[in-house]
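Structure file query12.txt (compact mmCIF, C-alpha atoms) follows.
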```
# COMPACT_ATOMS: atom_id res chain seq x y z
CA MET A 17 25.59 -11.66 -9.20
CA ALA A 18 25.25 -7.91 -8.72
CA ASP A 19 23.30 -6.43 -5.86
CA ILE A 20 19.64 -6.80 -6.76
CA PRO A 21 17.08 -4.34 -5.32
CA THR A 22 14.32 -5.87 -3.23
CA ALA A 23 11.80 -4.09 -5.44
CA ALA A 24 13.14 -5.97 -8.46
CA ILE A 25 12.47 -9.32 -6.78
CA SER A 26 8.92 -8.21 -5.99
CA ARG A 27 8.43 -7.30 -9.64
CA LEU A 28 9.74 -10.71 -10.76
CA VAL A 29 6.93 -12.28 -8.73
CA THR A 30 4.47 -10.00 -10.54
CA TYR A 31 5.93 -10.90 -13.95
CA LEU A 32 5.61 -14.59 -13.12
CA ARG A 33 1.95 -14.16 -12.21
CA ILE A 34 1.34 -12.36 -15.50
CA LEU A 35 3.10 -15.10 -17.46
CA GLU A 36 0.93 -17.71 -15.77
CA GLN A 37 -2.16 -15.77 -16.79
CA LEU A 38 -0.91 -15.48 -20.37
CA GLU A 39 -0.18 -19.20 -20.49
CA ALA A 40 -3.68 -19.96 -19.20
CA GLN A 41 -5.00 -17.87 -22.11
CA ASP A 42 -2.88 -19.87 -24.59
CA ILE A 43 -0.75 -16.82 -25.39
CA SER A 44 2.70 -18.10 -26.35
CA ARG A 45 4.67 -14.87 -26.83
CA THR A 46 4.92 -11.56 -25.03
CA SER A 47 7.14 -8.49 -24.97
CA SER A 48 8.67 -6.14 -22.43
CA THR A 49 6.07 -3.55 -23.46
CA ASP A 50 3.20 -5.99 -22.87
CA LEU A 51 4.60 -7.15 -19.52
CA ALA A 52 5.17 -3.53 -18.51
CA GLU A 53 1.60 -2.50 -19.29
CA ARG A 54 0.21 -5.43 -17.33
CA ALA A 55 2.60 -4.86 -14.39
CA GLY A 56 2.22 -1.09 -14.27
CA VAL A 57 5.90 -0.34 -14.90
CA THR A 58 7.98 0.71 -17.91
CA ALA A 59 9.35 -1.59 -20.59
CA PHE A 60 12.83 -0.39 -19.64
CA GLN A 61 12.18 -1.50 -16.06
CA VAL A 62 11.09 -4.97 -17.20
CA ARG A 63 14.23 -5.40 -19.30
CA LYS A 64 16.43 -4.11 -16.48
CA ASP A 65 14.86 -6.45 -13.92
CA LEU A 66 15.27 -9.48 -16.16
CA ALA A 67 18.85 -8.51 -17.08
CA TYR A 68 19.94 -9.08 -13.48
CA PHE A 69 19.50 -12.81 -14.11
CA GLY A 70 20.47 -13.31 -17.74
CA ARG A 71 19.16 -12.87 -21.27
CA PHE A 72 15.77 -14.42 -21.86
CA GLY A 73 14.37 -12.79 -25.00
CA THR A 74 15.24 -12.05 -28.61
CA ARG A 75 15.53 -8.45 -29.76
CA GLY A 76 12.53 -7.58 -31.90
CA MET A 77 10.75 -10.85 -31.07
CA GLY A 78 10.12 -10.57 -27.35
CA TYR A 79 9.82 -13.55 -25.03
CA THR A 80 8.44 -17.05 -25.29
CA VAL A 81 5.96 -17.20 -22.41
CA ALA A 82 6.70 -20.80 -21.40
CA ILE A 83 10.48 -20.29 -21.45
CA LEU A 84 10.43 -17.03 -19.51
CA LYS A 85 8.03 -18.52 -16.98
CA ARG A 86 10.33 -21.53 -16.53
CA GLU A 87 13.34 -19.27 -16.02
CA LEU A 88 11.58 -17.06 -13.47
CA VAL A 89 10.46 -20.15 -11.58
CA ARG A 90 14.11 -21.22 -11.48
CA VAL A 91 15.40 -17.78 -10.46
CA LEU A 92 12.85 -17.51 -7.64
CA GLY A 93 13.72 -21.00 -6.39
CA LEU A 94 10.24 -22.34 -7.08
CA ASN A 95 11.54 -25.44 -8.85
CA GLN A 96 12.36 -27.07 -5.51
CA THR A 97 10.28 -28.04 -2.51
CA TRP A 98 10.25 -25.71 0.50
CA ASN A 99 9.14 -27.24 3.79
CA VAL A 100 7.14 -24.85 5.97
CA VAL A 101 5.89 -24.85 9.55
CA ILE A 102 3.13 -22.54 10.72
CA ILE A 103 3.36 -21.06 14.21
CA GLY A 104 -0.09 -20.14 15.48
CA THR A 105 -3.23 -21.99 14.41
CA GLY A 106 -5.92 -19.43 15.15
CA ARG A 107 -8.09 -18.11 12.36
CA LEU A 108 -5.19 -16.64 10.40
CA GLY A 109 -2.97 -19.67 10.83
CA GLN A 110 -5.75 -22.00 9.73
CA ALA A 111 -6.55 -19.80 6.74
CA ILE A 112 -2.89 -19.95 5.67
CA ALA A 113 -2.78 -23.71 6.18
CA ASN A 114 -5.93 -24.15 4.10
CA TYR A 115 -4.82 -21.87 1.27
CA PRO A 116 -4.79 -24.14 -1.80
CA GLY A 117 -2.23 -22.24 -3.89
CA ALA A 118 0.90 -22.84 -1.78
CA SER A 119 1.55 -26.33 -3.13
CA ASP A 120 1.45 -25.00 -6.70
CA TYR A 121 4.76 -23.27 -5.96
CA GLN A 122 6.43 -26.13 -4.07
CA PHE A 123 5.62 -24.80 -0.59
CA GLN A 124 4.77 -27.81 1.54
CA TYR A 125 3.31 -27.46 5.03
CA VAL A 126 4.95 -30.05 7.26
CA GLY A 127 4.11 -28.87 10.77
CA LEU A 128 1.68 -26.77 12.81
CA PHE A 129 2.51 -25.39 16.25
CA ASP A 130 0.65 -23.52 18.98
CA VAL A 131 0.62 -23.03 22.76
CA ASN A 132 -3.15 -23.12 23.24
CA PRO A 133 -4.13 -26.41 24.92
CA ALA A 134 -7.52 -26.21 23.22
CA VAL A 135 -6.00 -26.71 19.76
CA ILE A 136 -3.08 -29.02 20.55
CA GLY A 137 -3.78 -32.38 18.93
CA GLN A 138 -6.31 -31.06 16.43
CA GLN A 139 -5.99 -32.05 12.78
CA ILE A 140 -5.74 -29.38 10.07
CA ARG A 141 -5.26 -30.56 6.48
CA GLY A 142 -3.86 -33.84 7.71
CA LEU A 143 -1.37 -32.27 10.12
CA THR A 144 -1.56 -32.54 13.89
CA VAL A 145 -1.14 -29.32 15.83
CA ARG A 146 1.86 -29.71 18.13
CA HIS A 147 2.96 -27.73 21.15
CA MET A 148 5.68 -25.15 20.65
CA GLU A 149 7.83 -27.13 23.08
CA ASP A 150 8.11 -29.77 20.35
CA LEU A 151 9.40 -27.35 17.70
CA ALA A 152 13.14 -27.82 18.23
CA GLY A 153 12.88 -31.59 18.15
CA PHE A 154 10.65 -31.50 15.08
CA VAL A 155 13.09 -29.30 13.16
CA ARG A 156 15.96 -31.53 14.22
CA ASP A 157 14.19 -34.60 12.82
CA ASN A 158 12.65 -32.96 9.74
CA ARG A 159 13.94 -30.54 7.16
CA VAL A 160 12.24 -27.20 7.73
CA ASP A 161 13.12 -24.28 5.47
CA MET A 162 10.63 -21.63 6.56
CA GLY A 163 8.40 -20.69 9.44
CA PHE A 164 5.23 -18.64 9.06
CA LEU A 165 4.30 -16.55 12.10
CA ALA A 166 0.53 -16.20 12.58
CA VAL A 167 0.60 -15.28 16.25
CA PRO A 168 -0.49 -12.20 18.24
CA PRO A 169 2.01 -9.32 18.16
CA ASP A 170 3.13 -9.82 21.75
CA HIS A 171 4.14 -13.41 20.99
CA ALA A 172 5.80 -12.85 17.61
CA GLN A 173 9.31 -12.07 18.90
CA ASP A 174 9.48 -15.17 21.10
CA ALA A 175 8.06 -17.34 18.33
CA ALA A 176 10.63 -15.98 15.86
CA GLN A 177 13.44 -16.63 18.31
CA ALA A 178 12.21 -20.18 18.82
CA LEU A 179 12.30 -20.76 15.05
CA VAL A 180 15.81 -19.34 14.77
CA ASP A 181 17.05 -21.30 17.78
CA ALA A 182 15.69 -24.44 16.13
CA GLY A 183 17.66 -23.69 12.97
CA VAL A 184 14.98 -22.30 10.63
CA ARG A 185 16.53 -19.77 8.23
CA GLY A 186 13.45 -18.10 6.73
CA ILE A 187 10.56 -16.40 8.53
CA LEU A 188 7.40 -14.97 7.01
CA ASN A 189 5.91 -12.74 9.68
CA PHE A 190 2.18 -11.97 9.54
CA ALA A 191 2.16 -10.23 12.93
CA PRO A 192 2.02 -6.40 12.83
CA VAL A 193 5.31 -6.03 14.68
CA VAL A 194 8.96 -5.70 13.68
CA ILE A 195 11.00 -8.79 14.56
CA GLN A 196 14.25 -7.80 16.28
CA PRO A 197 17.22 -10.15 15.84
CA ARG A 198 19.08 -10.93 19.02
CA VAL A 199 22.34 -9.01 19.46
CA HIS A 200 25.29 -9.35 21.83
CA GLU A 201 27.79 -6.83 23.10
CA ARG A 202 31.28 -7.56 21.81
CA ALA A 203 34.16 -5.18 22.36
CA GLY A 204 31.70 -2.47 23.24
CA GLN A 205 29.68 -2.90 20.05
CA ALA A 206 26.36 -4.59 19.37
CA GLU A 207 26.75 -7.57 17.02
CA LEU A 208 24.20 -9.94 15.59
CA SER A 209 24.12 -13.17 17.55
CA ASP A 210 25.44 -16.20 15.69
CA GLU A 211 22.10 -17.99 15.36
CA TRP A 212 20.59 -15.00 13.51
CA ARG A 213 23.30 -14.83 10.86
CA GLY A 214 21.85 -15.73 7.50
CA VAL A 215 18.23 -15.57 8.71
CA ILE A 216 15.82 -13.83 6.35
CA VAL A 217 12.63 -12.20 7.68
CA GLU A 218 9.81 -11.06 5.38
CA ASN A 219 6.87 -9.12 6.80
CA VAL A 220 3.27 -9.31 5.62
CA ASP A 221 1.49 -6.51 7.46
CA PHE A 222 -2.18 -6.25 6.48
CA LEU A 223 -2.75 -3.28 8.78
CA ALA A 224 0.13 -1.35 7.20
CA GLY A 225 -1.39 -2.04 3.80
CA MET A 226 -4.76 -0.73 4.96
CA LYS A 227 -3.10 2.44 6.25
CA ARG A 228 -1.32 3.01 2.93
CA LEU A 229 -4.59 2.38 1.09
CA ALA A 230 -6.39 4.98 3.22
CA PHE A 231 -3.66 7.53 2.50
CA TYR A 232 -3.72 6.97 -1.26
CA ILE A 233 -7.51 7.13 -1.40
CA LEU A 234 -7.23 10.60 0.12
CA ASN A 235 -4.21 11.48 -2.07
CA PRO A 236 -4.67 9.58 -5.35
CA HIS A 237 -2.33 11.88 -7.28
CA LEU A 238 0.60 10.68 -5.16
CA LYS A 239 0.01 7.02 -5.99
CA ASP A 240 1.05 7.59 -9.60
CA ALA A 241 4.07 9.69 -8.75
CA PRO A 242 7.38 7.98 -9.65
CA ASN A 243 9.17 6.42 -6.72
CA PRO A 244 12.96 6.45 -7.28
CA GLU A 245 13.40 3.43 -4.99
CA ASP A 246 10.95 1.38 -7.07
CA GLN A 247 12.84 2.19 -10.25
CA GLU A 248 16.19 0.86 -9.10
```
Final structure tokens representation of the file:
Amino acid sequence: MADIPTAAISRLVTYLRILEQLEAQDISRTSSTDLAERAGVTAFQVRKDLAYFGRFGTRGMGYTVAILKRELVRVLGLNQTWNVVIIGTGRLGQAIANYPGASDYQFQYVGLFDVNPAVIGQQIRGLTVRHMEDLAGFVRDNRVDMGFLAVPPDHAQDAAQALVDAGVRGILNFAPVVIQPRVHERAGQAELSDEWRGVIVENVDFLAGMKRLAFYILNPHLKDAPNPEDQE
């Protein structure tokens, strides 16, 4: 499979959401032009994004909504169960745990962890909040695919390291801080430490989004300007 731009994956998620909406409206067929208009991109971009993963439509006839939806679910790995632990059970962590849509896409919360004695032992959606000291043993005894970080910024790095040390390969970071993988000096050069190899970190930074929003409100003409990186 050729190198696929990160922006293309983000657009696939958008296309899937649109297909779900079309299906809910009992619309059985769509086209690259229709998807493009709804997604705010060009029809060429839609076809290019989909072409990374195969051929899903018929020239002149467009796409069958149910089939394209099924294929995007497969491509995005949403046809299998992903076990998730949440680190931090404050307001944000509890909001994430209580979000009803995660299970629709095979994301299953299997563990909640914190360091605050006041919340250890509490029940949230049928899960008992455990101490972070129990994380490694929990991951050893249970399959855990992802960890969601909902902790204060000054605790995010240590929490991420604890997840990686335990063997978790995917991290969704809600803290407004950049997670730094651990590195070691080898032959005078900095190299990624072994436990971080293959680890994927995705950041969800609400504050960064608010800052971008403020900028574009003041400069609306720039929001519509083509971004070469988004068109790759």
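The neighbours of region 133-142 of chain A here are the residues that come within 7 Å of it, using all atoms listed in the file and leaving out any residue fewer than 4 positions away in the same chain; they are Asn114, Arg146 and His147 of chain A.
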Practice problem: Would you kindly return, as a count of residues only, each protein, DNA or RNA residue with an atom no farther than 10 Å from any atom of region 35-38 of chain A, considering only C-alpha atoms and excluding same-chain residues fewer than 2 positions away? | Solution: 21
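If you measure from each of A:Arg185, A:Arg54, A:Arg63, A:Arg228 to Val155 (chain A) using all atoms listed in the file, the closest one turns out to be A:Arg185.
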Practice problem: Find the residue from A:Ala178, A:Ala113, A:Arg27, A:Val131 that sits nearest to Gly153 (chain A); use all atoms listed in the file when measuring. | Solution: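 Checking each candidate against Gly153 (chain A), we get A:Ala178 as the closest.
Take the candidates A:Tyr79, A:Phe222, A:Trp98, A:Phe72 and check each one against Val184 (chain A) using only C-alpha atoms; the shortest distance goes to A:Trp98.
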Exercise. Give the answer as one residue: which of A:Leu92, A:Leu66, A:Ala182, A:Ala175 has the shortest atom-to-atom distance to Phe129 (chain A), using all atoms listed in the file?
Key: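 The closest residue to Phe129 (chain A) is A:Ala175.
Counting all atoms listed in the file, the residue from A:Ile216, A:Ile195, A:Ala52, A:Val101 that sits nearest to Val160 (chain A) is A:Val101.
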Quiz item: Can you tell me, as a list in words, what residues are no more than 10 Å from Pro192 (chain A) when counting all atoms listed in the file, ignoring any on the same chain fewer than 5 positions away?
Solution: Ala166, Val167, Pro168, Pro169, Asp170, Ala172, Asn219, Val220, Asp221, Phe222, Leu223 and Ala224 of chain A
Quiz item: Distance CA of Glu39 (chain A)-CA of Gly78 (chain A), one decimal place?
Solution: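 Result for CA of Glu39 (chain A) versus CA of Gly78 (chain A): 15.1 Å, one decimal.
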Exercise. May I ask for the distance between CA of Asn99 (chain A) and CA of Gly127 (chain A), given in Å to one decimal place?
Key: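 We find that CA of Asn99 (chain A) and CA of Gly127 (chain A) lie 8.8 Å from each other.
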